[in-house]
>>> print(open('entry.txt').read())   # compact mmCIF, C-alpha atoms (C1' of nucleotides)
# COMPACT_ATOMS: atom_id res chain seq x y z
CA MET A 29 36.61 214.23 120.48
CA ASN A 30 37.81 216.71 117.83
CA LYS A 31 41.11 215.50 116.44
CA ASN A 32 42.05 219.01 115.32
CA ASP A 33 41.70 220.49 118.77
CA LEU A 34 45.15 221.68 119.85
CA ARG A 35 44.77 220.01 123.21
CA VAL A 36 44.12 216.66 121.57
CA ILE A 37 47.08 217.04 119.28
CA LYS A 38 49.33 217.95 122.18
CA THR A 39 48.34 215.02 124.33
CA LYS A 40 48.61 212.54 121.50
CA ASN A 41 52.04 213.81 120.55
CA ALA A 42 53.14 213.61 124.15
CA LEU A 43 51.93 210.03 124.30
CA PHE A 44 53.67 209.08 121.05
CA GLU A 45 56.93 210.59 122.11
CA THR A 46 56.86 209.08 125.55
CA LEU A 47 56.02 205.69 124.20
CA THR A 48 58.92 205.66 121.79
CA ASN A 49 61.26 206.90 124.49
CA LEU A 50 60.15 204.20 126.87
CA MET A 51 60.72 201.62 124.16
CA LYS A 52 64.38 202.51 124.23
CA GLU A 53 64.52 201.20 127.78
CA LYS A 54 62.15 198.28 127.83
CA THR A 55 59.94 195.99 125.83
CA PHE A 56 56.51 197.20 124.86
CA GLU A 57 55.01 194.53 127.05
CA GLU A 58 56.85 195.78 130.08
CA ILE A 59 55.55 199.29 129.56
CA LYS A 60 52.44 200.05 131.60
CA VAL A 61 49.79 202.60 130.75
CA SER A 62 50.62 204.36 133.99
CA ASP A 63 54.31 204.51 133.04
CA ILE A 64 53.44 206.29 129.84
CA CYS A 65 51.07 208.70 131.57
CA ASN A 66 53.44 209.54 134.37
CA LYS A 67 56.30 210.30 132.04
CA ALA A 68 54.11 212.16 129.57
CA LEU A 69 52.51 214.21 132.35
CA ILE A 70 49.13 213.13 131.11
CA ASN A 71 46.44 211.98 133.44
CA ARG A 72 45.60 208.34 133.11
CA SER A 73 41.92 209.04 132.65
CA THR A 74 42.84 211.26 129.73
CA PHE A 75 44.70 208.37 128.21
CA TYR A 76 41.62 206.22 128.39
CA ALA A 77 39.58 208.97 126.83
CA HIS A 78 41.68 208.49 123.70
CA TYR A 79 42.71 204.86 123.68
CA SER A 80 41.16 201.83 125.24
CA ASP A 81 44.58 200.34 125.90
CA LYS A 82 48.26 200.66 125.08
CA TYR A 83 47.90 198.51 122.00
CA GLU A 84 45.61 201.07 120.45
CA LEU A 85 48.19 203.73 121.14
CA LEU A 86 50.93 201.67 119.52
CA ALA A 87 48.73 200.94 116.53
CA ASP A 88 48.06 204.65 116.14
CA ALA A 89 51.74 205.49 116.35
CA ILE A 90 52.56 202.82 113.79
CA GLN A 91 49.85 204.04 111.47
CA ASN A 92 51.40 207.49 111.57
CA LEU A 93 54.74 206.10 110.47
CA LYS A 94 53.12 204.07 107.74
CA ASN A 95 51.23 207.06 106.44
CA SER A 96 54.29 209.20 106.15
CA LEU A 97 56.17 206.46 104.31
CA ILE A 98 53.21 205.95 101.99
CA SER A 99 53.11 209.60 101.10
CA GLU A 100 56.83 209.63 100.45
CA LEU A 101 56.45 206.66 98.15
CA LYS A 102 54.05 208.54 95.91
CA ALA A 103 57.08 210.17 94.32
CA ASN A 104 57.95 206.74 92.99
CA ASN A 105 54.82 206.34 90.93
CA ASN A 106 55.81 206.89 87.34
CA ILE A 107 58.85 204.75 86.78
CA SER A 108 58.50 202.25 83.99
CA ASN A 109 61.71 200.27 84.40
CA THR A 110 61.26 197.67 87.09
CA LYS A 111 64.79 197.60 88.36
CA GLU A 112 64.84 201.36 88.59
CA TYR A 113 61.55 201.19 90.46
CA TYR A 114 62.98 198.83 93.06
CA LEU A 115 66.13 200.86 93.54
CA ASN A 116 64.10 204.00 93.97
CA LEU A 117 61.70 202.28 96.34
CA ILE A 118 64.51 201.20 98.58
CA SER A 119 66.18 204.58 98.40
CA ILE A 120 63.03 206.28 99.62
CA PHE A 121 62.73 203.65 102.29
CA LEU A 122 66.28 204.19 103.53
CA ASN A 123 65.80 207.95 103.62
CA HIS A 124 62.60 207.53 105.54
CA ILE A 125 64.33 205.41 108.13
CA GLU A 126 67.25 207.77 108.34
CA ASN A 127 64.99 210.73 109.00
CA LYS A 128 63.15 208.94 111.77
CA LYS A 129 66.13 207.05 113.08
CA ASP A 130 65.28 207.76 116.69
CA ILE A 131 61.85 206.28 116.46
CA TYR A 132 62.87 203.28 114.43
CA LEU A 133 65.78 202.54 116.70
CA SER A 134 63.46 202.61 119.70
CA ILE A 135 61.23 200.20 117.93
CA MET A 136 64.07 197.90 116.92
CA ILE A 137 65.72 197.67 120.30
CA ASN A 138 64.15 195.06 122.53
CA ASN A 139 61.36 194.40 120.11
CA ARG A 140 63.06 191.82 117.97
CA ASN A 141 62.47 193.47 114.61
CA SER A 142 58.92 192.20 114.54
CA ILE A 143 57.11 195.49 114.76
CA MET A 144 59.60 196.98 112.37
CA ILE A 145 58.90 194.31 109.83
CA ASP A 146 55.18 194.72 110.26
CA ILE A 147 55.36 198.43 109.71
CA ILE A 148 57.59 198.58 106.73
CA TYR A 149 56.92 195.37 105.03
CA ASP A 150 53.21 196.06 104.77
CA VAL A 151 53.82 199.36 103.09
CA LEU A 152 56.48 198.18 100.65
CA ASP A 153 54.52 195.10 99.77
CA HIS A 154 51.45 197.20 99.21
CA ASP A 155 53.33 199.58 96.96
CA VAL A 156 54.73 196.79 94.82
CA ASN A 157 51.30 195.24 94.42
CA ARG A 158 49.83 198.60 93.49
CA ARG A 159 52.44 198.85 90.76
CA LEU A 160 51.70 195.33 89.59
CA LYS A 161 48.03 196.19 89.18
CA GLU A 162 48.71 199.47 87.45
CA LEU A 163 50.99 197.86 84.91
CA GLU A 164 48.65 194.90 84.58
CA LYS A 165 51.69 192.72 84.60
CA LYS A 166 51.03 189.45 82.89
CA ASP A 167 52.48 186.34 84.43
CA THR A 168 55.56 184.97 82.75
CA GLN A 169 55.37 181.40 81.60
CA LYS A 170 57.47 180.31 84.49
CA VAL A 171 56.55 182.47 87.47
CA PRO A 172 53.43 184.46 88.46
CA ALA A 173 54.01 188.19 88.71
CA ASN A 174 53.21 188.37 92.40
CA ILE A 175 55.70 185.63 93.18
CA LEU A 176 58.32 187.51 91.25
CA ALA A 177 57.47 190.56 93.34
CA LYS A 178 57.66 188.59 96.59
CA PHE A 179 61.06 187.36 95.61
CA TYR A 180 62.57 190.76 95.01
CA ILE A 181 60.77 192.63 97.74
CA GLY A 182 62.02 190.05 100.22
CA ALA A 183 65.53 190.28 98.88
CA VAL A 184 65.67 194.04 98.75
CA PHE A 185 64.03 194.58 102.11
CA ASN A 186 66.26 192.11 103.82
CA VAL A 187 69.40 193.76 102.52
CA ALA A 188 68.06 197.18 103.46
CA LEU A 189 67.56 196.01 107.04
CA GLU A 190 71.33 195.75 107.32
CA PHE A 191 71.43 199.50 107.17
CA LEU A 192 69.25 199.74 110.25
CA LYS A 193 71.39 197.52 112.42
CA LYS A 194 73.22 199.14 115.25
CA ASP A 195 76.79 199.93 114.26
CA SER A 196 76.09 198.89 110.70
CA PRO A 197 79.26 199.23 108.61
CA TYR A 198 77.25 200.03 105.51
CA THR A 199 76.15 203.41 104.25
CA LYS A 200 72.96 204.06 102.38
CA GLU A 201 75.02 204.31 99.21
CA ASP A 202 76.70 200.95 99.84
CA ILE A 203 73.34 199.27 100.15
CA LEU A 204 72.07 200.84 96.97
CA ASN A 205 75.20 199.82 95.10
CA TYR A 206 74.92 196.24 96.25
CA LEU A 207 71.32 196.09 95.19
CA ASP A 208 72.11 197.65 91.87
CA TYR A 209 74.53 194.80 91.35
CA LEU A 210 72.26 192.05 92.66
CA ILE A 211 69.02 192.93 90.90
CA PRO A 212 69.13 191.71 87.32
CA ASN A 213 68.48 194.23 84.59
CA ASN A 214 65.94 192.06 82.82
CA ILE A 215 63.86 191.58 85.93
CA ASP A 216 60.60 191.62 84.02
CA MET A 217 61.41 188.57 81.93
CA MET B 30 62.84 170.46 138.97
CA ASN B 31 63.84 167.37 136.98
CA LYS B 32 62.98 167.90 133.34
CA ASN B 33 62.85 164.17 132.72
CA ASP B 34 60.24 163.53 135.36
CA LEU B 35 57.09 162.31 133.59
CA ARG B 36 54.96 164.74 135.56
CA VAL B 37 57.03 167.66 134.35
CA ILE B 38 56.88 166.51 130.76
CA LYS B 39 53.13 166.10 130.96
CA THR B 40 52.45 169.51 132.38
CA LYS B 41 54.75 171.24 129.96
CA ASN B 42 53.17 169.48 127.02
CA ALA B 43 49.73 170.40 128.28
CA LEU B 44 50.80 174.02 128.55
CA PHE B 45 52.33 174.06 125.06
CA GLU B 46 49.27 172.51 123.48
CA THR B 47 46.85 174.75 125.31
CA LEU B 48 48.82 177.84 124.42
CA THR B 49 48.84 177.05 120.71
CA ASN B 50 45.14 176.25 120.82
CA LEU B 51 44.33 179.51 122.53
CA MET B 52 46.35 181.34 119.92
CA LYS B 53 43.88 180.14 117.32
CA GLU B 54 41.23 182.21 119.07
CA LYS B 55 43.03 185.28 120.31
CA THR B 56 46.23 187.25 120.34
CA PHE B 57 48.99 186.17 122.66
CA GLU B 58 48.56 189.40 124.57
CA GLU B 59 44.93 188.68 125.24
CA ILE B 60 45.76 185.29 126.67
CA LYS B 61 46.08 185.29 130.44
CA VAL B 62 48.09 182.86 132.53
CA SER B 63 44.87 181.81 134.20
CA ASP B 64 43.25 181.11 130.81
CA ILE B 65 46.05 178.74 129.95
CA CYS B 66 45.93 177.02 133.31
CA ASN B 67 42.18 176.61 133.34
CA LYS B 68 42.08 175.07 129.91
CA ALA B 69 45.15 172.93 130.49
CA LEU B 70 43.79 171.72 133.83
CA ILE B 71 47.00 172.78 135.46
CA ASN B 72 47.05 174.65 138.72
CA ARG B 73 48.25 178.20 138.38
CA SER B 74 50.83 177.76 141.09
CA THR B 75 52.23 174.86 139.10
CA PHE B 76 52.56 177.15 136.13
CA TYR B 77 54.61 179.57 138.18
CA ALA B 78 56.79 176.73 139.40
CA HIS B 79 57.91 176.29 135.77
CA TYR B 80 57.71 179.72 134.22
CA SER B 81 57.84 183.16 135.71
CA ASP B 82 55.35 184.46 133.15
CA LYS B 83 53.62 183.62 129.90
CA TYR B 84 56.47 185.06 127.87
CA GLU B 85 58.79 182.43 129.23
CA LEU B 86 56.32 179.76 128.22
CA LEU B 87 56.09 181.16 124.70
CA ALA B 88 59.85 181.40 124.45
CA ASP B 89 60.14 177.78 125.50
CA ALA B 90 57.56 176.68 122.95
CA ILE B 91 59.32 178.64 120.24
CA GLN B 92 62.66 177.18 121.18
CA ASN B 93 61.21 173.71 120.76
CA LEU B 94 60.13 174.55 117.23
CA LYS B 95 63.47 176.06 116.42
CA ASN B 96 65.33 173.05 117.72
CA SER B 97 63.39 170.65 115.61
CA LEU B 98 63.95 172.75 112.50
CA ILE B 99 67.63 173.03 113.30
CA SER B 100 68.02 169.29 113.61
CA GLU B 101 66.17 168.77 110.32
CA LEU B 102 68.52 171.21 108.64
CA LYS B 103 71.54 169.14 109.56
CA ALA B 104 70.70 166.93 106.59
CA ASN B 105 71.57 169.91 104.40
CA ASN B 106 75.14 170.14 105.53
CA ASN B 107 77.26 168.78 102.73
CA ILE B 108 76.03 170.46 99.59
CA SER B 109 78.67 172.31 97.68
CA ASN B 110 76.55 174.03 95.04
CA THR B 111 75.02 177.17 96.44
CA LYS B 112 71.84 177.16 94.45
CA GLU B 113 71.25 173.56 95.34
CA TYR B 114 71.87 174.42 98.95
CA TYR B 115 69.21 177.12 98.92
CA LEU B 116 66.65 174.94 97.18
CA ASN B 117 67.27 172.19 99.67
CA LEU B 118 67.11 174.60 102.57
CA ILE B 119 63.72 175.83 101.53
CA SER B 120 62.47 172.37 100.80
CA ILE B 121 63.31 171.28 104.33
CA PHE B 122 61.71 174.43 105.62
CA LEU B 123 58.48 173.80 103.73
CA ASN B 124 58.30 170.23 104.94
CA HIS B 125 58.88 171.36 108.47
CA ILE B 126 56.00 173.79 108.25
CA GLU B 127 53.76 171.26 106.62
CA ASN B 128 54.34 168.75 109.37
CA LYS B 129 53.54 171.26 112.08
CA LYS B 130 50.86 173.10 110.18
CA ASP B 131 48.54 173.26 113.16
CA ILE B 132 51.03 174.99 115.38
CA TYR B 133 52.28 177.39 112.75
CA LEU B 134 48.78 178.33 111.70
CA SER B 135 47.91 179.11 115.31
CA ILE B 136 50.95 181.29 115.47
CA MET B 137 50.21 183.03 112.20
CA ILE B 138 46.58 183.86 112.91
CA ASN B 139 46.17 187.02 114.91
CA ASN B 140 49.86 187.39 115.42
CA ARG B 141 50.69 189.23 112.24
CA ASN B 142 53.47 186.94 111.08
CA SER B 143 55.87 188.53 113.52
CA ILE B 144 56.47 185.57 115.74
CA MET B 145 56.59 183.36 112.70
CA ILE B 146 59.28 185.49 111.17
CA ASP B 147 61.24 185.54 114.40
CA ILE B 148 61.13 181.79 114.71
CA ILE B 149 62.00 180.77 111.24
CA TYR B 150 64.09 183.62 110.06
CA ASP B 151 66.55 183.25 112.91
CA VAL B 152 67.12 179.63 112.12
CA LEU B 153 67.47 180.00 108.35
CA ASP B 154 69.70 183.00 108.72
CA HIS B 155 71.83 181.13 111.18
CA ASP B 156 72.14 178.17 108.86
CA VAL B 157 73.23 180.30 105.94
CA ASN B 158 75.82 182.05 108.04
CA ARG B 159 77.10 178.74 109.31
CA ARG B 160 77.57 177.68 105.69
CA LEU B 161 79.29 180.94 104.85
CA LYS B 162 81.80 180.37 107.61
CA GLU B 163 82.39 176.75 106.73
CA LEU B 164 83.10 177.58 103.12
CA GLU B 165 85.12 180.59 104.15
CA LYS B 166 83.42 182.45 101.35
CA LYS B 167 85.48 185.34 100.20
CA ASP B 168 83.68 188.55 99.35
CA THR B 169 83.21 189.24 95.69
CA GLN B 170 84.61 192.50 94.39
CA LYS B 171 81.16 193.97 94.26
CA VAL B 172 79.22 192.56 97.19
CA PRO B 173 80.20 191.16 100.61
CA ALA B 174 79.27 187.52 101.08
CA ASN B 175 76.88 188.18 103.93
CA ILE B 176 75.00 190.76 101.90
CA LEU B 177 74.66 188.27 99.11
CA ALA B 178 73.29 185.82 101.64
CA LYS B 179 70.85 188.38 103.03
CA PHE B 180 69.60 189.03 99.55
CA TYR B 181 68.80 185.43 98.73
CA ILE B 182 67.60 184.38 102.14
CA GLY B 183 65.14 187.28 102.11
CA ALA B 184 63.99 186.43 98.63
CA VAL B 185 63.63 182.74 99.21
CA PHE B 186 61.99 183.06 102.61
CA ASN B 187 59.50 185.59 101.38
CA VAL B 188 58.40 183.41 98.51
CA ALA B 189 58.17 180.42 100.80
CA LEU B 190 55.84 182.34 103.10
CA GLU B 191 53.29 182.28 100.28
CA PHE B 192 52.94 178.59 100.90
CA LEU B 193 51.91 179.23 104.48
CA LYS B 194 49.11 181.63 103.65
CA LYS B 195 45.61 180.46 104.27
CA ASP B 196 44.07 179.11 101.07
CA SER B 197 47.37 179.45 99.26
CA PRO B 198 46.98 178.36 95.62
CA TYR B 199 50.57 177.14 95.51
CA THR B 200 51.84 173.68 96.30
CA LYS B 201 55.22 173.00 97.80
CA GLU B 202 56.39 171.89 94.38
CA ASP B 203 55.18 175.12 92.75
CA ILE B 204 57.22 177.15 95.18
CA LEU B 205 60.31 175.08 94.61
CA ASN B 206 59.93 175.36 90.85
CA TYR B 207 59.57 179.12 91.02
CA LEU B 208 62.67 179.41 93.14
CA ASP B 209 64.57 177.11 90.86
CA TYR B 210 63.77 179.54 88.09
CA LEU B 211 64.45 182.72 90.08
CA ILE B 212 67.73 181.81 91.72
CA PRO B 213 70.58 182.24 89.26
CA ASN B 214 72.84 179.28 88.65
CA ASN B 215 75.99 181.27 89.11
CA ILE B 216 74.91 182.60 92.49
CA ASP B 217 78.44 182.51 93.90
CA MET B 218 79.83 184.96 91.40
C1' DT C 5 34.13 237.17 125.92
C1' DA C 6 31.00 233.31 126.16
C1' DT C 7 30.70 228.70 125.24
C1' DT C 8 32.28 224.41 124.39
C1' DT C 9 34.97 220.63 125.40
C1' DA C 10 39.27 218.43 126.67
C1' DA C 11 42.20 217.48 130.65
C1' DA C 12 42.83 216.89 135.54
C1' DC C 13 41.47 214.99 139.76
C1' DT C 14 39.43 211.57 142.71
C1' DA C 15 37.48 207.36 143.94
C1' DC C 16 36.31 202.64 143.21
C1' DA C 17 35.40 197.97 141.52
C1' DT C 18 37.68 194.32 139.17
C1' DT C 19 41.11 191.45 137.35
C1' DA C 20 45.49 189.41 136.97
C1' DT C 21 49.82 188.68 138.90
C1' DG C 22 53.28 186.66 141.70
C1' DT C 23 54.43 184.42 146.10
C1' DC C 24 54.02 181.21 150.04
C1' DC C 25 52.68 177.35 152.58
C1' DT C 26 50.36 172.98 153.31
C1' DT C 27 48.45 168.79 151.64
C1' DT C 28 47.90 165.26 148.20
C1' DA C 29 49.24 162.50 144.41
C1' DT C 30 52.52 160.61 141.40
C1' DC C 31 56.96 159.18 139.87
C1' DT C 32 61.53 157.20 140.83
C1' DT C 33 64.59 154.22 143.01
C1' DT C 34 66.04 150.36 145.43
C1' DA D 23 56.14 146.34 145.89
C1' DA D 24 57.37 149.75 149.37
C1' DA D 25 59.84 153.90 150.83
C1' DG D 26 61.35 158.09 149.80
C1' DA D 27 61.45 162.02 146.93
C1' DT D 28 59.37 165.50 144.54
C1' DA D 29 55.92 167.55 141.51
C1' DA D 30 51.12 169.13 141.41
C1' DA D 31 47.03 170.77 143.66
C1' DG D 32 44.83 173.75 146.65
C1' DG D 33 44.07 177.86 149.15
C1' DA D 34 45.20 182.39 150.87
C1' DC D 35 47.05 186.89 150.35
C1' DA D 36 49.43 191.16 149.10
C1' DT D 37 50.12 194.04 145.18
C1' DA D 38 49.79 196.18 140.91
C1' DA D 39 47.44 197.54 136.95
C1' DT D 40 43.26 198.10 134.59
C1' DG D 41 39.13 200.25 133.20
C1' DT D 42 35.18 203.23 134.44
C1' DA D 43 32.49 207.18 136.30
C1' DG D 44 31.52 211.71 138.07
C1' DT D 45 33.06 216.29 139.15
C1' DT D 46 35.97 220.25 138.75
C1' DT D 47 39.31 223.05 136.33
C1' DA D 48 41.62 224.83 132.38
C1' DA D 49 42.20 225.71 127.67
C1' DA D 50 40.74 226.22 122.94
C1' DT D 51 37.27 227.73 119.58
C1' DA D 52 34.06 230.65 117.44
>>> encode(input="entry.txt", output="structure tokens")
Amino acid sequence: MNKNDLRVIKTKNALFETLTNLMKEKTFEEIKVSDICNKALINRSTFYAHYSDKYELLADAIQNLKNSLISELKANNNISNTKEYYLNLISIFLNHIENKKDIYLSIMINNRNSIMIDIIYDVLDHDVNRRLKELEKKDTQKVPANILAKFYIGAVFNVALEFLKKDSPYTKEDILNYLDYLIPNNIDM
Amino acid sequence: MNKNDLRVIKTKNALFETLTNLMKEKTFEEIKVSDICNKALINRSTFYAHYSDKYELLADAIQNLKNSLISELKANNNISNTKEYYLNLISIFLNHIENKKDIYLSIMINNRNSIMIDIIYDVLDHDVNRRLKELEKKDTQKVPANILAKFYIGAVFNVALEFLKKDSPYTKEDILNYLDYLIPNNIDM
DNA sequence: TATTTAAACTACATTATGTCCTTTATCTTT
DNA sequence: AAAGATAAAGGACATAATGTAGTTTAAATA
């Protein structure tokens, strides 16, 4: 199955889009393979030619989102100041979400944040650990570097999630201001 | 259906235990109602007399865990210092997990932390918000009180999760020491 | 335009679900 | 301890969804 074949691309896109649309209405578990196929105007046998079940489709869709976030994060590579790095990380993250609001909202609604957290958290966590390795951060006397990272990634991510909530009163700029205030300047100590 | 009837209690317990055992082997999605019933030696029609599907069973099991954590957290009610409150919160949380290690490990394995996060996060978040209301915390000039709470609950929870990881090198005391160091003393400012 | 290959169509076997009814066993109550 | 109540077991069935296979049709590639 040639993944560059236009027909393949079309069907996969149709499946992705239909899946995210259906997730606006119901839980992933309630969605049947036949539902997706009917709405996407794709034959069910074609579906099974690509994916062995709906979980594989979801995983593929999620991987796409992850990949695009990862590539956006590459812009954040050469920042030496840690606080600045975090603020930039979260700014990229918020932009990413804003641009794909439709998809992320579908995922959030009725899916209890879990998938959301899986998607994003993996990527952010991975990026922070990449940075840790690159800088060869030594552990402070008091706290190992990766624990320090866990602390701030958890904090920052959790605040950022407020932005995603339906009818959130906060703008992207609000969130960034709050974090600017909350993250200490001497975060590396 | 009388929930105090010994027969009811027995079957429900059997279902809970079997479900968590099966989750050591496979994803929740892969587990079929008939799998649970066979292993639990419960007739499938009996299952349906209690729950309309496996999701209801899982929800019930999760609610049990939440309830026990909630009741343990009541001990943390009358602490005025915020930092102390957080440290105590996480200490109770770590003990809770330690005592039910089997169940939580089953949940963690193959379920990508999601359920875990749903279970625990809800309860901790709820507790912090309860405290916020009780203290009638006023917003600081810079950051709303609930954002401040999000920041530290995310931080603290994420560090605590390290303790749950398989083969974690950290003891409960390590985690608490790290947090003691990372949480500022003047957290209310 | 010829060739390749993905998608559509059709049919089928299998599994899991959810419901219903009857019988049996167990718990509660007095 | 016995009677009555009710939960569990057992069996049967209709339905829905899955996953697979083979053939035909349509679309993309080279």
>>> interface_residues(input="entry.txt", of="chain D", to="chain A", cutoff="12 Å", atoms="only C-alpha atoms (C1' of nucleotides)", output="list in words")
DA38, DA39, DT40, DG41, DT42, DA43, DA48, DA49, DA50 and DT51 of chain D
>>> closest_atom_pairs(input="entry.txt", of="chain C", to="chain A", cutoff="12 Å", atoms="only C-alpha atoms (C1' of nucleotides)", output="JSON lines")
{"residue": "C:DT8", "atom": "C1'", "partner": "A:Asn30", "partner_atom": "CA", "distance": 11.5}
{"residue": "C:DT9", "atom": "C1'", "partner": "A:Met29", "partner_atom": "CA", "distance": 8.2}
{"residue": "C:DA10", "atom": "C1'", "partner": "A:Arg35", "partner_atom": "CA", "distance": 6.7}
{"residue": "C:DA11", "atom": "C1'", "partner": "A:Thr74", "partner_atom": "CA", "distance": 6.3}
{"residue": "C:DA12", "atom": "C1'", "partner": "A:Asn71", "partner_atom": "CA", "distance": 6.4}
{"residue": "C:DC13", "atom": "C1'", "partner": "A:Asn71", "partner_atom": "CA", "distance": 8.6}
{"residue": "C:DT14", "atom": "C1'", "partner": "A:Ser73", "partner_atom": "CA", "distance": 10.7}
>>> interface_residues(input="entry.txt", of="chain B", to="chain A", cutoff="9 Å", atoms="all atoms listed in the file", output="count of residues only")
30
>>> atom_distance(input="entry.txt", atom1="atom CA of B:Ile132", atom2="atom CA of B:Asn50")
8.1 Å
>>> closest_residue(input="entry.txt", among="A:Glu45, A:Glu162, A:Glu201, A:Asp150", to="A:Ser108", atoms="all atoms listed in the file")
A:Glu162
>>> atom_distance(input="entry.txt", atom1="atom CA of B:Asn33", atom2="atom C1' of C:DT30")
14.0 Å
>>> atom_distance(input="entry.txt", atom1="atom CA of A:Tyr114", atom2="atom CA of A:Asn95")
19.6 Å
>>> residues_around(input="entry.txt", residues="D:DA52", least_positions_apart="4", cutoff="12 Å", atoms="only C-alpha atoms (C1' of nucleotides)", output="list of chain:residue names")
C:DT5, C:DA6, C:DT7, C:DT8
